[in-house]
$ cat input17.pdb   # PDB, C-alpha atoms
ATOM      1  CA  GLN A   1      -9.297  15.663   6.747
ATOM      2  CA  LYS A   2      -7.748  12.609   5.130
ATOM      3  CA  GLU A   3      -9.084  11.487   1.768
ATOM      4  CA  VAL A   4      -9.606   7.974   3.137
ATOM      5  CA  GLU A   5     -10.585   7.241   6.732
ATOM      6  CA  GLN A   6     -10.214   3.825   8.304
ATOM      7  CA  ASP A   7     -10.558   2.835  11.943
ATOM      8  CA  PRO A   8      -7.168   1.421  13.014
ATOM      9  CA  GLY A   9      -8.703  -0.959  15.567
ATOM     10  CA  PRO A  10      -7.465  -3.270  16.875
ATOM     11  CA  LEU A  11     -10.396  -5.556  16.265
ATOM     12  CA  SER A  12     -10.454  -8.839  18.178
ATOM     13  CA  VAL A  13     -12.965 -11.560  17.304
ATOM     14  CA  PRO A  14     -13.413 -15.266  18.064
ATOM     15  CA  GLU A  15     -12.776 -17.840  15.387
ATOM     16  CA  GLY A  16     -15.821 -18.328  13.179
ATOM     17  CA  ALA A  17     -17.147 -14.789  13.602
ATOM     18  CA  ILE A  18     -18.174 -12.537  10.751
ATOM     19  CA  VAL A  19     -15.834  -9.588  10.478
ATOM     20  CA  SER A  20     -16.828  -6.234   9.037
ATOM     21  CA  LEU A  21     -14.126  -3.766   8.004
ATOM     22  CA  ASN A  22     -14.966  -0.327   6.634
ATOM     23  CA  CYS A  23     -13.552   2.783   5.043
ATOM     24  CA  THR A  24     -15.052   6.118   4.181
ATOM     25  CA  TYR A  25     -13.701   8.533   1.620
ATOM     26  CA  SER A  26     -14.242  12.074   0.494
ATOM     27  CA  ASN A  27     -13.089  12.145  -3.139
ATOM     28  CA  SER A  28     -16.015  11.428  -5.456
ATOM     29  CA  ALA A  29     -13.561  10.810  -8.313
ATOM     30  CA  PHE A  30     -12.503   7.460  -6.853
ATOM     31  CA  GLN A  31     -13.593   4.633  -9.158
ATOM     32  CA  TYR A  32     -11.355   1.721  -8.164
ATOM     33  CA  PHE A  33     -11.530   0.211  -4.702
ATOM     34  CA  MET A  34      -9.172  -2.371  -3.275
ATOM     35  CA  TRP A  35      -8.630  -4.287  -0.073
ATOM     36  CA  TYR A  36      -5.140  -5.432   0.845
ATOM     37  CA  ARG A  37      -4.038  -7.802   3.601
ATOM     38  CA  GLN A  38      -0.707  -7.206   5.276
ATOM     39  CA  TYR A  39       0.904  -9.670   7.630
ATOM     40  CA  SER A  40       3.468  -8.444  10.109
ATOM     41  CA  ARG A  41       6.734  -7.419   8.417
ATOM     42  CA  LYS A  42       5.403  -8.324   4.982
ATOM     43  CA  GLY A  43       4.268  -6.274   2.010
ATOM     44  CA  PRO A  44       0.542  -5.775   1.311
ATOM     45  CA  GLU A  45      -1.147  -8.398  -0.866
ATOM     46  CA  LEU A  46      -4.249  -7.688  -2.909
ATOM     47  CA  LEU A  47      -7.385  -9.416  -1.624
ATOM     48  CA  MET A  48     -10.256  -7.853  -3.528
ATOM     49  CA  TYR A  49     -10.716  -5.284  -6.260
ATOM     50  CA  THR A  50     -14.000  -3.600  -7.200
ATOM     51  CA  TYR A  51     -14.725  -1.101  -9.911
ATOM     52  CA  SER A  52     -17.400   1.494  -9.138
ATOM     53  CA  SER A  53     -20.363   0.449  -6.993
ATOM     54  CA  GLY A  54     -21.599  -3.006  -6.166
ATOM     55  CA  ASN A  55     -20.642  -6.213  -4.452
ATOM     56  CA  LYS A  56     -17.972  -8.760  -5.187
ATOM     57  CA  GLU A  57     -17.554 -12.126  -3.536
ATOM     58  CA  ASP A  58     -14.513 -14.385  -3.398
ATOM     59  CA  GLY A  59     -14.748 -17.363  -1.107
ATOM     60  CA  ARG A  60     -15.149 -16.137   2.463
ATOM     61  CA  PHE A  61     -14.570 -12.519   1.440
ATOM     62  CA  THR A  62     -17.164 -10.024   0.204
ATOM     63  CA  ALA A  63     -16.386  -6.460  -0.826
ATOM     64  CA  GLN A  64     -19.086  -3.813  -1.049
ATOM     65  CA  VAL A  65     -18.903  -0.320  -2.490
ATOM     66  CA  ASP A  66     -21.560   2.331  -1.916
ATOM     67  CA  LYS A  67     -20.487   5.356  -3.893
ATOM     68  CA  SER A  68     -23.548   7.366  -2.911
ATOM     69  CA  SER A  69     -22.421   7.162   0.723
ATOM     70  CA  LYS A  70     -18.686   7.114  -0.082
ATOM     71  CA  TYR A  71     -18.397   3.964   2.007
ATOM     72  CA  ILE A  72     -16.719   0.639   1.318
ATOM     73  CA  SER A  73     -16.751  -2.567   3.317
ATOM     74  CA  LEU A  74     -15.000  -5.904   3.486
ATOM     75  CA  PHE A  75     -16.773  -8.829   5.131
ATOM     76  CA  ILE A  76     -14.949 -11.964   6.218
ATOM     77  CA  ARG A  77     -17.135 -14.968   6.948
ATOM     78  CA  ASP A  78     -16.087 -17.860   9.171
ATOM     79  CA  SER A  79     -12.971 -15.972  10.263
ATOM     80  CA  GLN A  80      -9.855 -18.014  10.952
ATOM     81  CA  PRO A  81      -6.762 -17.300  13.064
ATOM     82  CA  SER A  82      -4.837 -17.137   9.783
ATOM     83  CA  ASP A  83      -6.921 -14.066   8.895
ATOM     84  CA  SER A  84      -5.159 -12.155  11.678
ATOM     85  CA  ALA A  85      -3.431  -9.297   9.871
ATOM     86  CA  THR A  86      -3.784  -5.623   9.045
ATOM     87  CA  TYR A  87      -6.385  -4.875   6.371
ATOM     88  CA  LEU A  88      -5.832  -1.809   4.233
ATOM     89  CA  CYS A  89      -8.384  -0.226   1.957
ATOM     90  CA  ALA A  90      -7.061   1.609  -1.089
ATOM     91  CA  MET A  91      -8.643   3.681  -3.818
ATOM     92  CA  SER A  92      -7.806   5.249  -7.124
ATOM     93  CA  GLY A  93      -9.477   7.855  -9.256
ATOM     94  CA  GLY A  94      -8.028   6.923 -12.595
ATOM     95  CA  TYR A  95      -4.491   8.097 -11.996
ATOM     96  CA  ASN A  96      -1.306   6.304 -11.213
ATOM     97  CA  LYS A  97      -1.302   6.102  -7.468
ATOM     98  CA  LEU A  98      -3.353   4.453  -4.787
ATOM     99  CA  ILE A  99      -4.664   6.318  -1.760
ATOM    100  CA  PHE A 100      -4.600   4.087   1.299
ATOM    101  CA  GLY A 101      -6.454   4.048   4.573
ATOM    102  CA  ALA A 102      -4.448   3.684   7.769
ATOM    103  CA  GLY A 103      -5.288  -0.022   8.036
ATOM    104  CA  THR A 104      -7.304  -1.996  10.598
ATOM    105  CA  ARG A 105      -5.510  -4.566  12.744
ATOM    106  CA  LEU A 106      -7.552  -7.735  13.073
ATOM    107  CA  ALA A 107      -6.908 -10.530  15.562
ATOM    108  CA  VAL A 108      -8.910 -13.764  15.291
ATOM    109  CA  HIS A 109      -8.455 -15.880  18.396
ATOM    110  CA  PRO A 110      -9.150 -19.619  18.587
TER     111      PRO A 110
ATOM    112  CA  GLY B   1      12.713 -14.110  -8.774
ATOM    113  CA  ALA B   2       8.970 -14.289  -9.127
ATOM    114  CA  GLY B   3       8.137 -11.334  -6.939
ATOM    115  CA  VAL B   4       9.245  -7.781  -6.224
ATOM    116  CA  SER B   5      12.543  -7.857  -4.388
ATOM    117  CA  GLN B   6      13.768  -5.096  -2.086
ATOM    118  CA  SER B   7      17.105  -4.665  -0.369
ATOM    119  CA  PRO B   8      18.200  -4.287   2.287
ATOM    120  CA  SER B   9      15.383  -5.688   4.423
ATOM    121  CA  ASN B  10      16.470  -3.558   7.329
ATOM    122  CA  LYS B  11      18.674  -0.487   7.516
ATOM    123  CA  VAL B  12      19.776   1.420  10.581
ATOM    124  CA  THR B  13      21.534   4.683   9.868
ATOM    125  CA  GLU B  14      22.723   7.690  11.787
ATOM    126  CA  LYS B  15      20.942  10.989  11.435
ATOM    127  CA  GLY B  16      22.514  13.041   8.671
ATOM    128  CA  LYS B  17      23.784  10.088   6.636
ATOM    129  CA  ASP B  18      22.584   9.248   3.122
ATOM    130  CA  VAL B  19      20.870   5.927   2.371
ATOM    131  CA  GLU B  20      20.024   4.045  -0.804
ATOM    132  CA  LEU B  21      17.161   1.580  -1.023
ATOM    133  CA  ARG B  22      16.895  -0.820  -3.941
ATOM    134  CA  CYS B  23      13.921  -2.345  -5.731
ATOM    135  CA  ASP B  24      13.926  -5.123  -8.339
ATOM    136  CA  PRO B  25      10.476  -5.250  -9.951
ATOM    137  CA  ILE B  26       8.826  -8.307 -11.430
ATOM    138  CA  SER B  27      10.404  -9.084 -14.792
ATOM    139  CA  GLY B  28       8.443  -7.468 -17.627
ATOM    140  CA  HIS B  29       6.615  -4.992 -15.420
ATOM    141  CA  THR B  30       6.927  -1.509 -16.851
ATOM    142  CA  ALA B  31       5.400   0.470 -13.988
ATOM    143  CA  LEU B  32       7.127   0.888 -10.638
ATOM    144  CA  TYR B  33       5.925   2.667  -7.491
ATOM    145  CA  TRP B  34       7.493   3.676  -4.196
ATOM    146  CA  TYR B  35       5.385   4.084  -1.058
ATOM    147  CA  ARG B  36       6.244   4.865   2.546
ATOM    148  CA  GLN B  37       4.500   3.326   5.542
ATOM    149  CA  SER B  38       5.066   5.021   8.873
ATOM    150  CA  LEU B  39       4.201   3.280  12.129
ATOM    151  CA  GLY B  40       0.445   2.855  12.419
ATOM    152  CA  GLN B  41      -0.161   4.669   9.155
ATOM    153  CA  GLY B  42      -1.350   3.666   5.736
ATOM    154  CA  LEU B  43       0.860   3.746   2.704
ATOM    155  CA  GLU B  44       1.894   7.155   1.416
ATOM    156  CA  PHE B  45       2.655   7.481  -2.307
ATOM    157  CA  LEU B  46       6.146   8.762  -3.099
ATOM    158  CA  ILE B  47       6.973   8.327  -6.796
ATOM    159  CA  TYR B  48       5.863   6.470  -9.929
ATOM    160  CA  PHE B  49       7.843   5.364 -12.998
ATOM    161  CA  GLN B  50       6.288   4.198 -16.247
ATOM    162  CA  GLY B  51       8.520   3.114 -19.095
ATOM    163  CA  ASN B  52      10.526   6.005 -20.494
ATOM    164  CA  SER B  53       8.048   8.656 -19.370
ATOM    165  CA  ALA B  54       9.003  11.348 -16.885
ATOM    166  CA  PRO B  55       8.360  10.034 -13.379
ATOM    167  CA  ASP B  56       5.524  11.342 -11.225
ATOM    168  CA  LYS B  57       7.413  12.760  -8.243
ATOM    169  CA  SER B  58       4.428  14.463  -6.666
ATOM    170  CA  GLY B  59       4.605  12.431  -3.452
ATOM    171  CA  LEU B  60       8.235  13.026  -2.534
ATOM    172  CA  PRO B  61       8.141  14.837   0.841
ATOM    173  CA  SER B  62      11.238  16.974   0.375
ATOM    174  CA  ASP B  63      14.188  17.551  -1.932
ATOM    175  CA  ARG B  64      16.223  15.178   0.250
ATOM    176  CA  PHE B  65      14.353  12.360  -1.458
ATOM    177  CA  SER B  66      15.129  11.254  -4.995
ATOM    178  CA  ALA B  67      14.688   8.128  -7.061
ATOM    179  CA  GLU B  68      15.881   6.767 -10.341
ATOM    180  CA  ARG B  69      15.113   3.776 -12.462
ATOM    181  CA  THR B  70      17.868   2.454 -14.669
ATOM    182  CA  GLY B  71      17.178   0.569 -17.879
ATOM    183  CA  GLY B  72      13.482   0.435 -17.119
ATOM    184  CA  SER B  73      14.080  -2.156 -14.411
ATOM    185  CA  VAL B  74      15.862  -1.688 -11.085
ATOM    186  CA  SER B  75      15.025   1.405  -9.058
ATOM    187  CA  THR B  76      16.934   3.138  -6.281
ATOM    188  CA  LEU B  77      15.363   5.473  -3.733
ATOM    189  CA  THR B  78      17.910   7.809  -2.144
ATOM    190  CA  ILE B  79      17.371   9.781   1.024
ATOM    191  CA  GLN B  80      20.013  12.396   1.745
ATOM    192  CA  ARG B  81      20.826  13.784   5.186
ATOM    193  CA  THR B  82      18.400  11.417   6.869
ATOM    194  CA  GLN B  83      16.207  12.671   9.701
ATOM    195  CA  GLN B  84      14.476  10.711  12.446
ATOM    196  CA  GLU B  85      11.090  11.374  10.837
ATOM    197  CA  ASP B  86      12.304   9.426   7.798
ATOM    198  CA  SER B  87      12.088   6.228   9.866
ATOM    199  CA  ALA B  88       9.480   4.070   8.156
ATOM    200  CA  VAL B  89       9.007   1.043   5.954
ATOM    201  CA  TYR B  90       9.679   1.876   2.319
ATOM    202  CA  LEU B  91       7.665  -0.316  -0.028
ATOM    203  CA  CYS B  92       8.142  -0.814  -3.731
ATOM    204  CA  ALA B  93       5.491  -2.169  -6.090
ATOM    205  CA  SER B  94       5.330  -2.970  -9.774
ATOM    206  CA  SER B  95       2.586  -3.578 -12.305
ATOM    207  CA  LEU B  96       2.557  -4.847 -15.859
ATOM    208  CA  LEU B  97       1.600  -1.453 -17.246
ATOM    209  CA  GLY B  98       0.778   1.949 -15.827
ATOM    210  CA  GLY B  99      -2.599   3.596 -15.725
ATOM    211  CA  ALA B 100      -5.722   3.488 -13.653
ATOM    212  CA  VAL B 101      -6.574  -0.172 -14.166
ATOM    213  CA  TYR B 102      -3.098  -1.628 -13.859
ATOM    214  CA  VAL B 103      -2.263   0.256 -10.674
ATOM    215  CA  THR B 104      -4.969  -1.842  -9.047
ATOM    216  CA  GLU B 105      -2.947  -4.951  -9.898
ATOM    217  CA  ALA B 106       0.347  -3.815  -8.426
ATOM    218  CA  PHE B 107       2.429  -6.347  -6.533
ATOM    219  CA  PHE B 108       4.340  -5.181  -3.482
ATOM    220  CA  GLY B 109       7.732  -6.163  -2.169
ATOM    221  CA  GLN B 110       8.334  -6.862   1.505
ATOM    222  CA  GLY B 111       9.769  -3.433   2.100
ATOM    223  CA  THR B 112      12.893  -1.935   3.636
ATOM    224  CA  ARG B 113      12.540  -1.001   7.282
ATOM    225  CA  LEU B 114      14.578   2.169   7.781
ATOM    226  CA  THR B 115      15.511   3.337  11.255
ATOM    227  CA  VAL B 116      17.285   6.648  11.694
ATOM    228  CA  VAL B 117      19.014   6.982  15.072
TER     229      VAL B 117
END

$ encode --input "input17.pdb" --output "structure tokens"
Amino acid sequence: QKEVEQDPGPLSVPEGAIVSLNCTYSNSAFQYFMWYRQYSRKGPELLMYTYSSGNKEDGRFTAQVDKSSKYISLFIRDSQPSDSATYLCAMSGGYNKLIFGAGTRLAVHP
Amino acid sequence: GAGVSQSPSNKVTEKGKDVELRCDPISGHTALYWYRQSLGQGLEFLIYFQGNSAPDKSGLPSDRFSAERTGGSVSTLTIQRTQQEDSAVYLCASSLLGGAVYVTEAFFGQGTRLTVV
């Protein structure tokens, strides 16, 4: 079993929809939770970072962490075609490497 | 430049040949990471450098893989006797410092797409 599980999709939604992306994990030592966006043939770019449990909002993006369920989510409101990308969750337990999910491919069509 | 720079962008090599991949981190960043992204997979940690400390090599998949970082700046990832399963995108990242908090603020380069034929 992988430490971090993420549905690879693809996920196709119409413009303006609310998108929900999720990851589950097994390592209770994880304290830092990140979401990265990766466009085709580009490196990942950090979208959101959350420490421990709770919610964090940044514009159209909301990240949620539920440590009791070992479940994290990223919500995208009013999705745009420019949001079409692969979204990667990543986690860290206080050491020097990130553990990534496989990434979910998202397509937002006009 | 302002970001992490990797070269070459693409590399096609014959099975059995050695390859070198280069990473120029953001100026002033002391921590440097190499990851590998295989088709349809998430990023897999390979190696981590922090200042003058001994690197964390725990993610290197075999002894055909090695990396060095000269002068605390540029890093080279070397793959000897390449195999077809080495085909992947190799991504480099850097952060201002090492440690649990700073690794969350790592910036990634665009990667080197390696194809072994």

$ closest_residue --input "input17.pdb" --among "A:Gln80, A:Ser73, A:Gln6, A:Ser28" --to "chain B" --atoms "all atoms listed in the file"
A:Gln6

$ resolve_selection --input "input17.pdb" --expression "the PyMOL selection byres ((chain B and resi 98) around 7)" --output "ChimeraX atom specification"
/A:96 /B:31,50,95,97,99,102-103

$ resolve_selection --input "input17.pdb" --expression "the PyMOL selection byres ((chain A and resi 52) around 12)" --output "compact mmCIF listing (two decimals) with C-alpha atoms, in the frame of the given file"
# COMPACT_ATOMS: atom_id res chain seq x y z
CA SER A 28 -16.02 11.43 -5.46
CA ALA A 29 -13.56 10.81 -8.31
CA PHE A 30 -12.50 7.46 -6.85
CA GLN A 31 -13.59 4.63 -9.16
CA TYR A 32 -11.36 1.72 -8.16
CA PHE A 33 -11.53 0.21 -4.70
CA MET A 34 -9.17 -2.37 -3.28
CA TYR A 49 -10.72 -5.28 -6.26
CA THR A 50 -14.00 -3.60 -7.20
CA TYR A 51 -14.72 -1.10 -9.91
CA SER A 53 -20.36 0.45 -6.99
CA GLY A 54 -21.60 -3.01 -6.17
CA ASN A 55 -20.64 -6.21 -4.45
CA LYS A 56 -17.97 -8.76 -5.19
CA ALA A 63 -16.39 -6.46 -0.83
CA GLN A 64 -19.09 -3.81 -1.05
CA VAL A 65 -18.90 -0.32 -2.49
CA ASP A 66 -21.56 2.33 -1.92
CA LYS A 67 -20.49 5.36 -3.89
CA SER A 68 -23.55 7.37 -2.91
CA LYS A 70 -18.69 7.11 -0.08
CA TYR A 71 -18.40 3.96 2.01
CA ILE A 72 -16.72 0.64 1.32
CA MET A 91 -8.64 3.68 -3.82
CA SER A 92 -7.81 5.25 -7.12
CA GLY A 93 -9.48 7.86 -9.26
CA GLY A 94 -8.03 6.92 -12.60

$ atom_distance --input "input17.pdb" --atom1 "CA of Gly16 in chain A" --atom2 "CA of Met48 in chain A"
20.5 Å

$ atom_distance --input "input17.pdb" --atom1 "CA of Glu105 in chain B" --atom2 "CA of Asp7 in chain A"
24.4 Å

$ interface_residues --input "input17.pdb" --of "chain A" --to "chain B" --cutoff "7 Å" --atoms "only C-alpha atoms" --output "VMD selection string"
chain A and resid 42 to 45 94 to 97 100 to 103

$ resolve_selection --input "input17.pdb" --expression "the PyMOL selection byres ((chain A and resi 14) around 10)" --output "count of residues only"
15

$ closest_residue --input "input17.pdb" --among "A:Gly59, A:Leu88, A:Asp83, A:Ser20" --to "Glu5 in chain A" --atoms "all atoms listed in the file"
A:Leu88

$ residues_around --input "input17.pdb" --residues "Lys17 in chain B" --least-positions-apart "5" --cutoff "9 Å" --atoms "all atoms listed in the file" --output "short mmCIF file (atom, residue, chain, number, x, y, z; two decimals) with C-alpha atoms, keeping the file's coordinate frame"
data_model
loop_
_atom_site.label_atom_id
_atom_site.label_comp_id
_atom_site.auth_asym_id
_atom_site.auth_seq_id
_atom_site.Cartn_x
_atom_site.Cartn_y
_atom_site.Cartn_z
CA ILE B 79 17.37 9.78 1.02
CA GLN B 80 20.01 12.40 1.74
CA ARG B 81 20.83 13.78 5.19
CA THR B 82 18.40 11.42 6.87
CA GLN B 83 16.21 12.67 9.70
CA VAL B 116 17.28 6.65 11.69
#

$ atom_distance --input "input17.pdb" --atom1 "CA of Ser7 in chain B" --atom2 "CA of Pro8 in chain A"
28.4 Å

$ closest_residue --input "input17.pdb" --among "B:Val12, B:Leu32, B:Cys23, B:Ala54" --to "Ala88 in chain B" --atoms "all atoms listed in the file"
B:Val12

$ closest_residue --input "input17.pdb" --among "B:Lys57, B:Lys11, B:Val19, B:Leu96" --to "Thr78 in chain B" --atoms "only C-alpha atoms"
B:Val19

$ residues_around --input "input17.pdb" --residues "Val74 in chain B" --least-positions-apart "4" --cutoff "6 Å" --atoms "all atoms listed in the file" --output "PyMOL selection string"
chain B and resi 23-24+69-70

$ closest_residue --input "input17.pdb" --among "A:Thr86, A:Gln1, A:Thr62, A:Thr24" --to "Tyr39 in chain A" --atoms "all atoms listed in the file"
A:Thr86
